[in-house]
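File shown here: start-v1.txt, holding compact mmCIF, C-alpha atoms and all ligand atoms.
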```txt
# COMPACT_ATOMS: atom_id res chain seq x y z
CA MET A 142 163.51 268.97 141.41
CA SER A 143 165.83 271.38 139.68
CA GLY A 144 168.10 269.46 137.28
CA LYS A 145 167.96 269.98 133.54
CA TYR A 146 166.74 266.41 133.01
CA ASP A 147 163.98 266.46 135.65
CA LYS A 148 161.17 265.94 133.14
CA LEU A 149 162.98 263.07 131.42
CA GLN A 150 163.69 261.60 134.84
CA GLN A 151 160.03 261.77 135.88
CA GLN A 152 158.97 260.25 132.57
CA PHE A 153 161.62 257.51 132.56
CA LEU A 154 160.87 256.37 136.09
CA CYS A 155 157.16 255.83 135.36
CA CYS A 156 157.81 254.32 131.90
CA TYR A 157 156.16 257.11 129.96
CA PRO A 158 156.09 256.27 126.22
CA VAL A 159 159.63 256.79 124.89
CA ASN A 160 158.46 258.50 121.70
CA LYS A 161 156.58 261.15 123.72
CA MET A 162 159.35 262.00 126.19
CA ALA A 163 160.80 265.47 126.67
CA TRP A 164 163.77 264.82 124.37
CA SER A 165 163.92 268.53 123.54
CA SER A 166 165.68 269.00 126.89
CA VAL A 167 168.66 267.11 125.42
CA LYS A 168 170.75 269.77 123.70
CA LEU A 169 173.08 268.33 121.06
CA PRO A 170 175.93 267.75 120.91
CA LEU A 171 175.73 266.34 124.41
CA ASN A 172 179.06 266.69 126.15
CA TRP A 173 180.58 263.99 128.35
CA GLU A 174 179.30 265.50 131.65
CA ASP A 175 175.80 265.97 130.30
CA GLN A 176 175.64 262.39 129.06
CA GLN A 177 176.72 261.29 132.52
CA GLU A 178 174.13 263.56 134.17
CA LEU A 179 171.35 262.30 131.92
CA ILE A 180 172.12 258.65 132.65
CA ALA A 181 172.45 259.36 136.39
CA ALA A 182 169.01 261.03 136.32
CA THR A 183 167.33 258.10 134.58
CA CYS A 184 168.76 254.54 134.34
CA GLY A 185 171.28 255.26 137.09
CA HIS A 186 168.75 256.83 139.45
CA PRO A 187 168.93 255.12 142.87
CA MET A 188 165.21 254.21 142.71
CA ASN A 189 165.74 252.46 139.39
CA ARG A 190 168.83 250.70 140.68
CA ARG A 191 166.89 249.36 143.65
CA TYR A 192 163.55 248.72 141.93
CA PRO A 193 164.16 248.59 138.16
CA VAL A 194 161.70 249.50 135.44
CA ARG A 195 160.93 246.80 132.92
CA ARG A 196 163.82 245.67 130.75
CA SER A 197 162.06 246.29 127.43
CA TYR A 198 161.39 249.90 128.47
CA LEU A 199 165.01 250.47 129.50
CA GLU A 200 166.17 249.13 126.12
CA ALA A 201 163.72 251.31 124.18
CA PHE A 202 164.87 254.38 126.15
CA LEU A 203 168.58 253.69 125.53
CA LYS A 204 167.94 252.93 121.87
CA GLN A 205 166.24 256.31 121.46
CA LEU A 206 169.08 258.04 123.30
CA MET A 207 171.75 256.37 121.15
CA HIS A 208 169.79 257.34 118.07
CA LEU A 209 169.88 260.98 119.23
CA LEU A 210 173.63 260.74 119.77
CA ARG A 211 174.28 258.91 116.48
CA ASP A 212 176.35 261.75 114.98
CA GLN A 213 178.57 262.14 118.05
CA GLU A 214 181.97 260.52 118.24
CA ASP A 215 181.96 260.08 122.00
CA VAL A 216 179.22 258.10 123.67
CA HIS A 217 179.66 257.70 127.40
CA ASP A 218 180.37 254.23 128.79
CA ASP A 219 177.54 254.74 131.28
CA ILE A 220 175.05 254.54 128.42
CA TYR A 221 176.31 251.09 127.41
CA SER A 222 176.76 249.89 130.96
CA SER A 223 173.15 250.86 131.77
CA LEU A 224 172.15 247.87 129.67
CA CYS A 225 173.90 245.65 132.19
CA GLY A 226 172.04 247.12 135.15
CA PRO A 227 169.63 245.31 137.48
CA VAL A 228 166.69 243.51 135.90
CA ALA A 229 163.24 243.38 137.46
CA ASP A 230 161.41 241.00 135.18
CA ASN A 231 161.18 238.21 137.69
CA LYS A 232 158.31 236.20 139.04
CA ALA A 233 155.91 237.73 141.52
CA SER A 234 156.34 236.76 145.12
CA THR A 235 152.90 235.16 144.77
CA GLY A 236 154.59 232.39 142.79
CA SER A 237 152.73 233.33 139.59
CA THR A 238 154.21 233.02 136.12
CA SER A 239 153.56 236.67 135.20
CA THR A 240 156.40 239.11 134.91
CA TYR A 241 156.60 242.20 137.06
CA ALA A 242 158.69 245.36 137.13
CA TYR A 243 158.57 248.69 138.94
CA LYS A 244 157.29 252.15 138.16
CA HIS A 245 158.10 255.24 140.20
CA TYR A 246 155.66 258.11 140.17
CA LEU A 247 157.45 261.35 141.17
CA LEU A 248 154.67 263.68 142.36
CA GLU A 249 156.33 266.67 143.95
CA PRO A 250 159.61 267.22 145.77
CA GLY A 251 159.89 264.59 148.47
CA ALA A 252 156.74 262.71 147.41
CA HIS A 253 156.87 259.66 145.19
CA ILE A 254 155.15 256.31 144.85
CA THR A 255 156.90 253.11 143.81
CA LEU A 256 154.65 250.36 142.48
CA ARG A 257 155.37 246.84 141.47
CA GLU A 258 153.18 246.20 138.43
CA SER A 259 152.64 243.48 135.90
CA THR A 260 154.30 244.11 132.55
CA SER A 261 151.11 242.90 130.81
CA PHE A 262 147.77 244.71 130.72
CA VAL A 263 145.96 241.45 131.39
CA ALA A 264 147.56 238.85 133.63
CA GLU A 265 146.34 236.18 136.04
CA GLY A 266 142.76 236.66 134.87
CA THR A 267 142.58 240.36 135.76
CA THR A 268 143.25 243.77 134.28
CA GLY A 269 144.19 245.13 137.69
CA LEU A 270 147.87 244.25 138.07
CA CYS A 271 149.00 247.46 136.39
CA THR A 272 147.92 251.07 136.77
CA TRP A 273 145.50 252.52 134.22
CA GLU A 274 145.16 256.04 132.88
CA ALA A 275 141.90 256.70 134.76
CA ALA A 276 143.62 256.10 138.11
CA LEU A 277 146.32 258.64 137.19
CA ALA A 278 143.65 261.15 136.15
CA LEU A 279 141.66 260.65 139.35
CA GLY A 280 144.89 260.95 141.35
CA ASP A 281 145.57 264.29 139.67
CA TYR A 282 142.02 265.42 140.31
CA LEU A 283 142.27 264.58 144.01
CA LEU A 284 145.59 266.39 144.33
CA GLN A 285 143.97 269.46 142.80
CA HIS A 286 140.86 269.16 145.03
CA ARG A 287 142.30 268.10 148.37
CA ASP A 288 139.20 269.27 150.25
CA LEU A 289 137.27 266.37 148.66
CA VAL A 290 139.25 263.83 150.70
CA ARG A 291 140.26 265.71 153.87
CA GLY A 292 138.93 263.94 156.96
CA LYS A 293 137.07 261.31 154.88
CA ASN A 294 137.05 257.55 155.28
CA ILE A 295 137.54 256.23 151.78
CA VAL A 296 136.86 252.89 150.11
CA GLU A 297 138.12 252.12 146.62
CA LEU A 298 136.41 249.49 144.48
CA GLY A 299 138.47 247.64 141.85
CA ALA A 300 141.67 249.21 143.17
CA GLY A 301 144.05 247.08 141.07
CA ALA A 302 147.70 247.72 141.94
CA GLY A 303 146.80 250.25 144.66
CA LEU A 304 148.01 253.61 143.34
CA LEU A 305 145.13 255.79 144.58
CA GLY A 306 144.96 254.49 148.13
CA ILE A 307 148.72 254.76 148.48
CA LEU A 308 148.57 258.32 147.15
CA LEU A 309 145.86 259.29 149.63
CA LYS A 310 147.84 258.09 152.65
CA LEU A 311 151.31 259.13 151.50
CA PRO A 312 152.80 260.95 154.52
CA ALA A 313 154.70 263.47 152.34
CA LEU A 314 151.45 264.74 150.78
CA GLN A 315 149.69 265.38 154.12
CA LEU A 316 146.21 264.95 152.65
CA GLN A 317 144.78 264.28 156.13
CA VAL A 318 142.36 261.60 155.02
CA GLY A 319 140.72 259.20 157.47
CA GLN A 320 140.90 255.44 156.91
CA VAL A 321 141.55 254.18 153.40
CA LEU A 322 140.41 250.72 152.37
CA LEU A 323 141.48 249.39 148.99
CA THR A 324 139.42 246.53 147.64
CA ASP A 325 139.47 244.34 144.57
CA GLY A 326 137.74 241.11 143.58
CA SER A 327 140.98 239.58 142.33
CA GLU A 328 143.17 237.85 144.88
CA PRO A 329 146.43 238.53 142.96
CA CYS A 330 145.49 242.24 142.98
CA VAL A 331 144.99 242.22 146.74
CA GLN A 332 148.36 240.51 147.24
CA LEU A 333 150.02 243.03 144.92
CA MET A 334 148.34 245.96 146.69
CA ARG A 335 149.62 244.69 150.02
CA GLU A 336 153.11 244.35 148.57
CA ASN A 337 152.90 247.90 147.19
CA ILE A 338 151.61 249.25 150.50
CA SER A 339 154.58 247.68 152.32
CA LEU A 340 156.93 249.16 149.73
CA ASN A 341 155.65 252.70 150.23
CA PHE A 342 155.02 252.81 153.97
CA GLN A 343 158.18 251.28 155.38
CA ASP A 344 158.46 253.71 158.31
CA THR A 345 154.76 254.36 158.87
CA PRO A 346 152.77 253.03 161.83
CA LYS A 347 150.33 250.35 160.65
CA GLU A 348 147.24 252.34 161.63
CA GLN A 349 148.29 255.17 159.29
CA MET A 350 148.66 252.91 156.27
CA PRO A 351 145.92 252.06 153.77
CA LYS A 352 144.41 248.58 154.12
CA ALA A 353 143.76 246.14 151.28
CA GLU A 354 141.02 243.49 151.30
CA GLN A 355 139.40 241.22 148.76
CA LEU A 356 135.90 242.35 147.83
CA ASN A 357 134.00 241.03 144.88
CA TRP A 358 131.09 243.36 144.12
CA ASP A 359 128.74 240.35 144.12
CA ALA A 360 129.70 239.60 147.71
CA VAL A 361 129.36 243.08 149.20
CA GLY A 362 126.76 241.88 151.72
CA THR A 363 129.10 239.36 153.34
CA PHE A 364 132.08 241.73 153.66
CA PRO A 365 132.93 242.54 157.32
CA TRP A 366 132.09 246.26 157.06
CA GLU A 367 131.76 246.46 160.86
CA SER A 368 135.56 246.09 161.11
CA HIS A 369 136.07 249.26 159.08
CA ALA A 370 135.18 252.92 159.59
CA GLU A 371 131.92 254.17 158.11
CA THR A 372 132.55 255.10 154.47
CA ASP A 373 132.27 258.76 153.42
CA LEU A 374 133.72 258.50 149.95
CA LEU A 375 133.75 255.68 147.40
CA MET A 376 136.23 255.78 144.56
CA ALA A 377 136.67 253.70 141.46
CA ALA A 378 138.88 254.11 138.40
CA ASP A 379 138.53 252.32 135.10
CA VAL A 380 135.88 249.84 136.20
CA ILE A 381 133.29 250.70 133.50
CA TYR A 382 134.48 248.67 130.52
CA ASP A 383 132.57 245.40 130.84
CA ASP A 384 128.81 245.76 130.94
CA SER A 385 128.43 242.23 132.29
CA GLN A 386 129.78 243.65 135.59
CA PHE A 387 127.38 246.63 135.76
CA ASP A 388 124.71 244.86 137.82
CA ALA A 389 127.30 243.68 140.35
CA LEU A 390 128.87 247.15 140.64
CA LEU A 391 125.52 248.92 140.92
CA GLY A 392 124.42 246.30 143.45
CA ALA A 393 127.53 246.96 145.55
CA MET A 394 126.95 250.72 145.39
CA ASP A 395 123.29 250.23 146.27
CA TYR A 396 124.26 248.26 149.36
CA LEU A 397 126.76 250.90 150.50
CA TYR A 398 124.39 253.83 149.86
CA ALA A 399 121.66 252.01 151.79
CA ARG A 400 124.04 251.79 154.78
CA ARG A 401 125.27 255.37 154.57
CA GLY A 402 122.48 257.28 152.82
CA CYS A 403 123.09 260.75 151.43
CA GLY A 404 126.35 261.03 153.41
CA LEU A 405 128.08 258.96 150.76
CA GLU A 406 129.62 260.29 147.56
CA THR A 407 131.28 258.30 144.78
CA LEU A 408 134.02 259.60 142.50
CA LEU A 409 134.21 257.52 139.36
CA ALA A 410 136.92 257.97 136.73
CA SER A 411 136.50 256.28 133.37
CA THR A 412 138.62 256.28 130.27
CA VAL A 413 136.34 257.07 127.35
CA ARG A 414 136.98 254.05 125.13
CA ASN A 415 133.46 253.12 124.16
CA VAL A 416 130.87 255.88 124.45
CA ASP A 417 127.97 253.40 124.27
CA THR A 418 129.27 251.41 127.26
CA LEU A 419 129.63 254.56 129.36
CA HIS A 420 126.25 255.81 128.27
CA LYS A 421 124.68 252.50 129.26
CA PHE A 422 126.18 252.79 132.74
CA MET A 423 124.99 256.42 133.09
CA THR A 424 121.46 255.33 132.16
CA GLN A 425 121.56 252.60 134.78
CA LEU A 426 122.79 255.09 137.40
CA GLY A 427 119.70 257.19 136.60
CA ASP A 428 117.46 254.10 136.94
CA TYR A 429 118.92 253.50 140.42
CA GLY A 430 118.04 257.07 141.43
CA TYR A 431 121.54 258.57 141.50
CA LYS A 432 122.36 262.18 140.72
CA VAL A 433 125.43 262.45 138.53
CA THR A 434 127.57 265.59 138.39
CA PRO A 435 130.46 265.77 135.94
CA CYS A 436 133.65 266.98 137.64
CA ALA A 437 135.79 269.65 136.08
CA ASN A 438 138.32 268.44 133.55
CA VAL A 439 141.70 267.54 134.92
CA SER A 440 143.99 270.07 133.33
CA ALA A 441 147.08 268.78 131.57
CA CYS A 442 149.40 271.52 132.78
CA ALA A 443 148.78 270.99 136.49
CA SER A 444 149.36 267.26 136.16
CA HIS A 445 151.31 265.53 138.93
CA PHE A 446 151.42 262.33 136.89
CA CYS A 447 152.88 261.86 133.43
CA ARG A 448 149.83 261.14 131.30
CA ASP A 449 149.85 261.15 127.54
CA HIS A 450 146.20 262.27 127.24
CA THR A 451 145.58 260.09 124.18
CA ALA A 452 142.29 258.94 125.66
CA ALA A 453 139.93 261.29 127.47
CA VAL A 454 139.12 260.45 131.07
CA GLN A 455 135.73 261.37 132.47
CA ILE A 456 135.37 261.94 136.21
CA ILE A 457 131.91 262.09 137.76
CA SER A 458 130.52 262.56 141.24
CA ILE A 459 127.61 260.31 142.16
CA ARG A 460 125.17 261.05 144.98
CA ARG A 461 121.74 259.91 146.00
C1 LIG B 1 141.04 248.09 134.53
S1 LIG B 1 141.35 247.56 136.17
C2 LIG B 1 141.53 249.12 136.99
C3 LIG B 1 142.44 249.02 138.17
C4 LIG B 1 142.70 250.37 138.86
N1 LIG B 1 141.49 250.93 139.38
C5 LIG B 1 143.34 251.35 137.90
O1 LIG B 1 142.62 252.20 137.35
O2 LIG B 1 144.55 251.26 137.67
C6 LIG B 1 139.74 247.02 136.77
C7 LIG B 1 139.79 246.42 138.16
O3 LIG B 1 138.46 246.09 138.58
C8 LIG B 1 138.48 244.83 139.23
N2 LIG B 1 137.15 244.20 139.08
C9 LIG B 1 136.52 243.88 137.93
N3 LIG B 1 135.34 243.27 138.19
C10 LIG B 1 135.23 243.21 139.55
C11 LIG B 1 134.24 242.70 140.45
N4 LIG B 1 133.13 242.11 139.98
N5 LIG B 1 134.45 242.81 141.78
C12 LIG B 1 135.57 243.42 142.25
N6 LIG B 1 136.56 243.90 141.45
C13 LIG B 1 136.39 243.80 140.12
C14 LIG B 1 139.57 244.06 138.49
O4 LIG B 1 140.09 242.98 139.26
C15 LIG B 1 140.60 245.13 138.24
O5 LIG B 1 141.52 245.23 139.29
```

Could you show the structure in this file as structure tokens?
Amino acid sequence: MSGKYDKLQQQFLCCYPVNKMAWSSVKLPLNWEDQQELIAATCGHPMNRRYPVRRSYLEAFLKQLMHLLRDQEDVHDDIYSSLCGPVADNKASTGSTSTYAYKHYLLEPGAHITLRESTSFVAEGTTGLCTWEAALALGDYLLQHRDLVRGKNIVELGAGAGLLGILLKLPALQLQVGQVLLTDGSEPCVQLMRENISLNFQDTPKEQMPKAEQLNWDAVGTFPWESHAETDLLMAADVIYDDSQFDALLGAMDYLYARRGCGLETLLASTVRNVDTLHKFMTQLGDYGYKVTPCANVSACASHFCRDHTAAVQIISIRR
């Protein structure tokens, strides 16, 4: 990336909060060509034309831009015509009534992820149809510690919309991971993950793509593990928010550690919303005989993802 609106482009395409965007890169008054360039970098970007961000976000972005340009006589037609662009808020291919739109995560030159996500945080009885902050933080952490995943067969629990598994197998990043299996207990999440895998691996041989399967933590013993490579690394992001699920999650981990022993490591990323809930889970990890090591903080400046850092994310390594 080398354009003057690269940061705004990266933020727009992943629907970063409009009020926190890099508006300082817009130098006023904005001449005709610059207005055109800014719109081409954001609303008019080919990725957004093909897979549009949610309508309400587009409107908020354009409203903010027009507010910035309020003292200018000339406002480019492209700004108005962006409001008439393609709309993504349509029904999921699963036939559900939820609305979906796209987000594009630009990671580094030549490497991006496009995800179809629900426009609501909770839809179809799950929180997993959109990507949460902890997944972005763990993604950043993995990109900064590539040795943690190189050569490993990886299983994700509660994988939601599929960001992490797609990131790990993205050909442009060359992370050289082994097999990646994304799992979630929610059937709509598994369908969405599969859709998102297809979207991001259009020219990739099937065996080099991540797989997605339904796995409820309660049913870990009946999952066909023999059809998958032996797990070296477990990952989970934002799954520690409901203590009624702790026993099921710890039971699933217990089962997998019993199969794999000390060869298995878990990386768990949690948004620190409720300290008591996290503390309760940490205590239970201790009761189950796990050793917990906090991972280094994910630094803001080296971030590949646009994160607003309003909530802290804790990443821990769990071994037995
Ligand atoms: C807050 S979402 C996080 C999704 C994704 N990891 C992320 O960070 O974007 C929690 C996910 O855990 C899944 N989940 C919750 N309880 C589960 C259970 N008992 N078995 C399997 N998955 C479960 C939900 O379906 C949901 O996808």

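Note that the spacing between atom CA of A:Leu179 and atom CA of A:Tyr146 amounts to 6.3 Å.
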
### For A:Cys403: contacts at 10 Å, all atoms listed in the file, fewer than 6 positions along chain excluded, given as a PyMOL selection string
chain A and resi 373+460-461

Go ahead and write the selection's residues with C-alpha atoms as a CSV table (one decimal), keeping the file's coordinate frame.
```csv
chain,number,residue,atom,x,y,z
A,373,ASP,CA,132.3,258.8,153.4
A,460,ARG,CA,125.2,261.0,145.0
A,461,ARG,CA,121.7,259.9,146.0
```

Considering only C-alpha atoms and all ligand atoms, give me a table of residues in chain A that are at most 7 Å from ligand LIG 1 (chain B), with the closest atom pair and distance in Å for each, as CSV.
```
residue,atom,partner,partner_atom,distance
A:Thr267,CA,B:LIG1,O4,5.0
A:Thr268,CA,B:LIG1,S1,4.6
A:Gly269,CA,B:LIG1,O5,3.1
A:Leu270,CA,B:LIG1,O5,6.5
A:Cys271,CA,B:LIG1,O2,6.0
A:Thr272,CA,B:LIG1,O2,3.5
A:Trp273,CA,B:LIG1,O2,3.8
A:Glu274,CA,B:LIG1,O1,6.4
A:Ala275,CA,B:LIG1,O1,5.2
A:Ala276,CA,B:LIG1,O1,4.1
A:Leu298,CA,B:LIG1,N6,6.4
A:Gly299,CA,B:LIG1,O3,3.6
A:Ala300,CA,B:LIG1,N1,4.2
A:Gly301,CA,B:LIG1,O5,3.6
A:Ala302,CA,B:LIG1,O2,6.4
A:Asp325,CA,B:LIG1,N6,4.3
A:Gly326,CA,B:LIG1,C12,3.4
A:Ser327,CA,B:LIG1,O4,4.7
A:Cys330,CA,B:LIG1,O5,6.2
A:Leu356,CA,B:LIG1,C12,5.7
A:Asn357,CA,B:LIG1,N5,3.6
A:Trp358,CA,B:LIG1,N5,4.1
A:Asp359,CA,B:LIG1,N4,6.3
A:Ala377,CA,B:LIG1,N1,5.9
A:Ala378,CA,B:LIG1,N1,4.2
A:Asp379,CA,B:LIG1,O1,4.7
A:Val380,CA,B:LIG1,C6,4.8
A:Gln386,CA,B:LIG1,N4,5.7
A:Ala389,CA,B:LIG1,N4,6.0
A:Leu390,CA,B:LIG1,N4,6.6
```

Saved selection, atoms kept: C-alpha atoms, as an mmCIF file, in the frame of the given file:
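Output file result.cif follows:
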```
data_model
loop_
_atom_site.group_PDB
_atom_site.id
_atom_site.type_symbol
_atom_site.label_atom_id
_atom_site.label_comp_id
_atom_site.auth_asym_id
_atom_site.auth_seq_id
_atom_site.Cartn_x
_atom_site.Cartn_y
_atom_site.Cartn_z
ATOM 1 C CA THR A 267 142.580 240.360 135.760
ATOM 2 C CA THR A 268 143.250 243.770 134.280
ATOM 3 C CA GLY A 269 144.190 245.130 137.690
ATOM 4 C CA LEU A 270 147.870 244.250 138.070
ATOM 5 C CA CYS A 271 149.000 247.460 136.390
ATOM 6 C CA THR A 272 147.920 251.070 136.770
ATOM 7 C CA TRP A 273 145.500 252.520 134.220
ATOM 8 C CA GLU A 274 145.160 256.040 132.880
ATOM 9 C CA ALA A 275 141.900 256.700 134.760
ATOM 10 C CA ALA A 276 143.620 256.100 138.110
ATOM 11 C CA LEU A 298 136.410 249.490 144.480
ATOM 12 C CA GLY A 299 138.470 247.640 141.850
ATOM 13 C CA ALA A 300 141.670 249.210 143.170
ATOM 14 C CA GLY A 301 144.050 247.080 141.070
ATOM 15 C CA ALA A 302 147.700 247.720 141.940
ATOM 16 C CA ASP A 325 139.470 244.340 144.570
ATOM 17 C CA GLY A 326 137.740 241.110 143.580
ATOM 18 C CA SER A 327 140.980 239.580 142.330
ATOM 19 C CA CYS A 330 145.490 242.240 142.980
ATOM 20 C CA LEU A 356 135.900 242.350 147.830
ATOM 21 C CA ASN A 357 134.000 241.030 144.880
ATOM 22 C CA TRP A 358 131.090 243.360 144.120
ATOM 23 C CA ASP A 359 128.740 240.350 144.120
ATOM 24 C CA ALA A 377 136.670 253.700 141.460
ATOM 25 C CA ALA A 378 138.880 254.110 138.400
ATOM 26 C CA ASP A 379 138.530 252.320 135.100
ATOM 27 C CA VAL A 380 135.880 249.840 136.200
ATOM 28 C CA GLN A 386 129.780 243.650 135.590
ATOM 29 C CA ALA A 389 127.300 243.680 140.350
ATOM 30 C CA LEU A 390 128.870 247.150 140.640
#
```

### Query
Which residue, A:Phe422, A:Tyr382, A:Trp164, A:Tyr431, has the smallest gap to A:Asp395 when you use all atoms listed in the file?
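Going through A:Phe422, A:Tyr382, A:Trp164, A:Tyr431 one by one, the smallest distance to A:Asp395 is for A:Tyr431.
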
### Task
Can you pull out every residue within 9 Å of A:Phe387, counting all atoms listed in the file, but drop anything in the same chain fewer than 5 positions away, and send it as a list in words?
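Close residues of A:Phe387: Ile381, Gly392, Phe422 and Gln425 of chain A.
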
### Task
Name the residues in contact with A:Asn337 at a cut-off of 8 Å, using all atoms listed in the file, excluding same-chain residues fewer than 5 positions from it; report them as a PyMOL selection string.
chain A and resi 255-257+302-303

Would you export the selected residues with C-alpha atoms as a short mmCIF file (atom, residue, chain, number, x, y, z; two decimals), in the frame of the given file, please?
```
data_model
loop_
_atom_site.label_atom_id
_atom_site.label_comp_id
_atom_site.auth_asym_id
_atom_site.auth_seq_id
_atom_site.Cartn_x
_atom_site.Cartn_y
_atom_site.Cartn_z
CA THR A 255 156.90 253.11 143.81
CA LEU A 256 154.65 250.36 142.48
CA ARG A 257 155.37 246.84 141.47
CA ALA A 302 147.70 247.72 141.94
CA GLY A 303 146.80 250.25 144.66
#
```

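Atom CA of A:Glu354 lies 16.1 Å from atom CA of A:Leu397.
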
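Considering the residues A:Val263, A:Cys225, A:Met188, A:Leu210 and counting only C-alpha atoms, A:Pro170 has its shortest atom-to-atom contact with A:Leu210.
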
### Task
Counting all atoms listed in the file, figure out which residue out of A:Leu154, A:Ala399, A:Ala370, A:Ile457 gets nearest to A:Gly319.
A:Ala370

Edge lengths and centre in Å to one decimal, as AutoDock Vina command-line options, of the axis-aligned box that encloses all listed atoms of stretch 255-271 of chain A with 4 Å added on every side?
```
--center_x 149.7 --center_y 244.6 --center_z 137.3 --size_x 22.3 --size_y 24.9 --size_z 21.1
```

So that I can see what lies close to A:Gln317, please list as a CSV table (one decimal) with C-alpha atoms, keeping the file's coordinate frame the residues with an atom at most 10 Å from it, counting only C-alpha atoms and leaving out residues fewer than 3 positions away in the same chain.
```csv
chain,number,residue,atom,x,y,z
A,287,ARG,CA,142.3,268.1,148.4
A,288,ASP,CA,139.2,269.3,150.2
A,290,VAL,CA,139.2,263.8,150.7
A,291,ARG,CA,140.3,265.7,153.9
A,292,GLY,CA,138.9,263.9,157.0
A,293,LYS,CA,137.1,261.3,154.9
A,309,LEU,CA,145.9,259.3,149.6
A,310,LYS,CA,147.8,258.1,152.6
A,311,LEU,CA,151.3,259.1,151.5
A,312,PRO,CA,152.8,261.0,154.5
A,314,LEU,CA,151.4,264.7,150.8
A,320,GLN,CA,140.9,255.4,156.9
```

### Summary
In Å and to one decimal, atom CA of A:Lys432 is distant from atom CA of A:Ser458 by 8.2 Å

Could you add all heavy atoms to stretch 143-148 of chain A and give me the result as a compact mmCIF listing (two decimals), keeping the file's coordinate frame?
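Now in out21.txt:
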```txt
# COMPACT_ATOMS: atom_id res chain seq x y z
N SER A 143 165.29 270.18 140.31
CA SER A 143 165.83 271.38 139.68
C SER A 143 166.88 271.06 138.62
O SER A 143 167.48 271.96 138.07
CB SER A 143 166.42 272.30 140.74
OG SER A 143 167.44 271.60 141.41
N GLY A 144 167.11 269.81 138.29
CA GLY A 144 168.10 269.46 137.28
C GLY A 144 167.55 269.67 135.88
O GLY A 144 166.34 269.75 135.68
N LYS A 145 168.47 269.72 134.89
CA LYS A 145 167.96 269.98 133.54
C LYS A 145 167.26 268.76 132.94
O LYS A 145 166.59 268.89 131.92
CB LYS A 145 169.05 270.53 132.62
CG LYS A 145 170.33 269.76 132.54
CD LYS A 145 171.26 270.51 131.57
CE LYS A 145 172.62 269.93 131.54
NZ LYS A 145 173.63 270.56 132.33
N TYR A 146 167.42 267.59 133.55
CA TYR A 146 166.74 266.41 133.01
C TYR A 146 165.60 265.93 133.91
O TYR A 146 165.24 264.76 133.90
CB TYR A 146 167.77 265.29 132.77
CG TYR A 146 168.86 265.75 131.83
CD1 TYR A 146 170.19 265.75 132.20
CD2 TYR A 146 168.52 266.24 130.56
CE1 TYR A 146 171.18 266.21 131.33
CE2 TYR A 146 169.49 266.71 129.69
CZ TYR A 146 170.82 266.70 130.08
OH TYR A 146 171.78 267.17 129.23
N ASP A 147 165.05 266.84 134.71
CA ASP A 147 163.98 266.46 135.65
C ASP A 147 162.78 265.83 134.95
O ASP A 147 162.20 264.86 135.41
CB ASP A 147 163.50 267.68 136.44
CG ASP A 147 164.50 268.07 137.50
OD1 ASP A 147 165.44 267.30 137.75
OD2 ASP A 147 164.34 269.16 138.07
N LYS A 148 162.37 266.45 133.82
CA LYS A 148 161.17 265.94 133.14
C LYS A 148 161.44 264.55 132.58
O LYS A 148 160.64 263.62 132.75
CB LYS A 148 160.75 266.91 132.03
CG LYS A 148 159.35 266.68 131.51
CD LYS A 148 158.33 267.02 132.58
CE LYS A 148 157.01 266.34 132.35
NZ LYS A 148 156.09 266.50 133.50
```
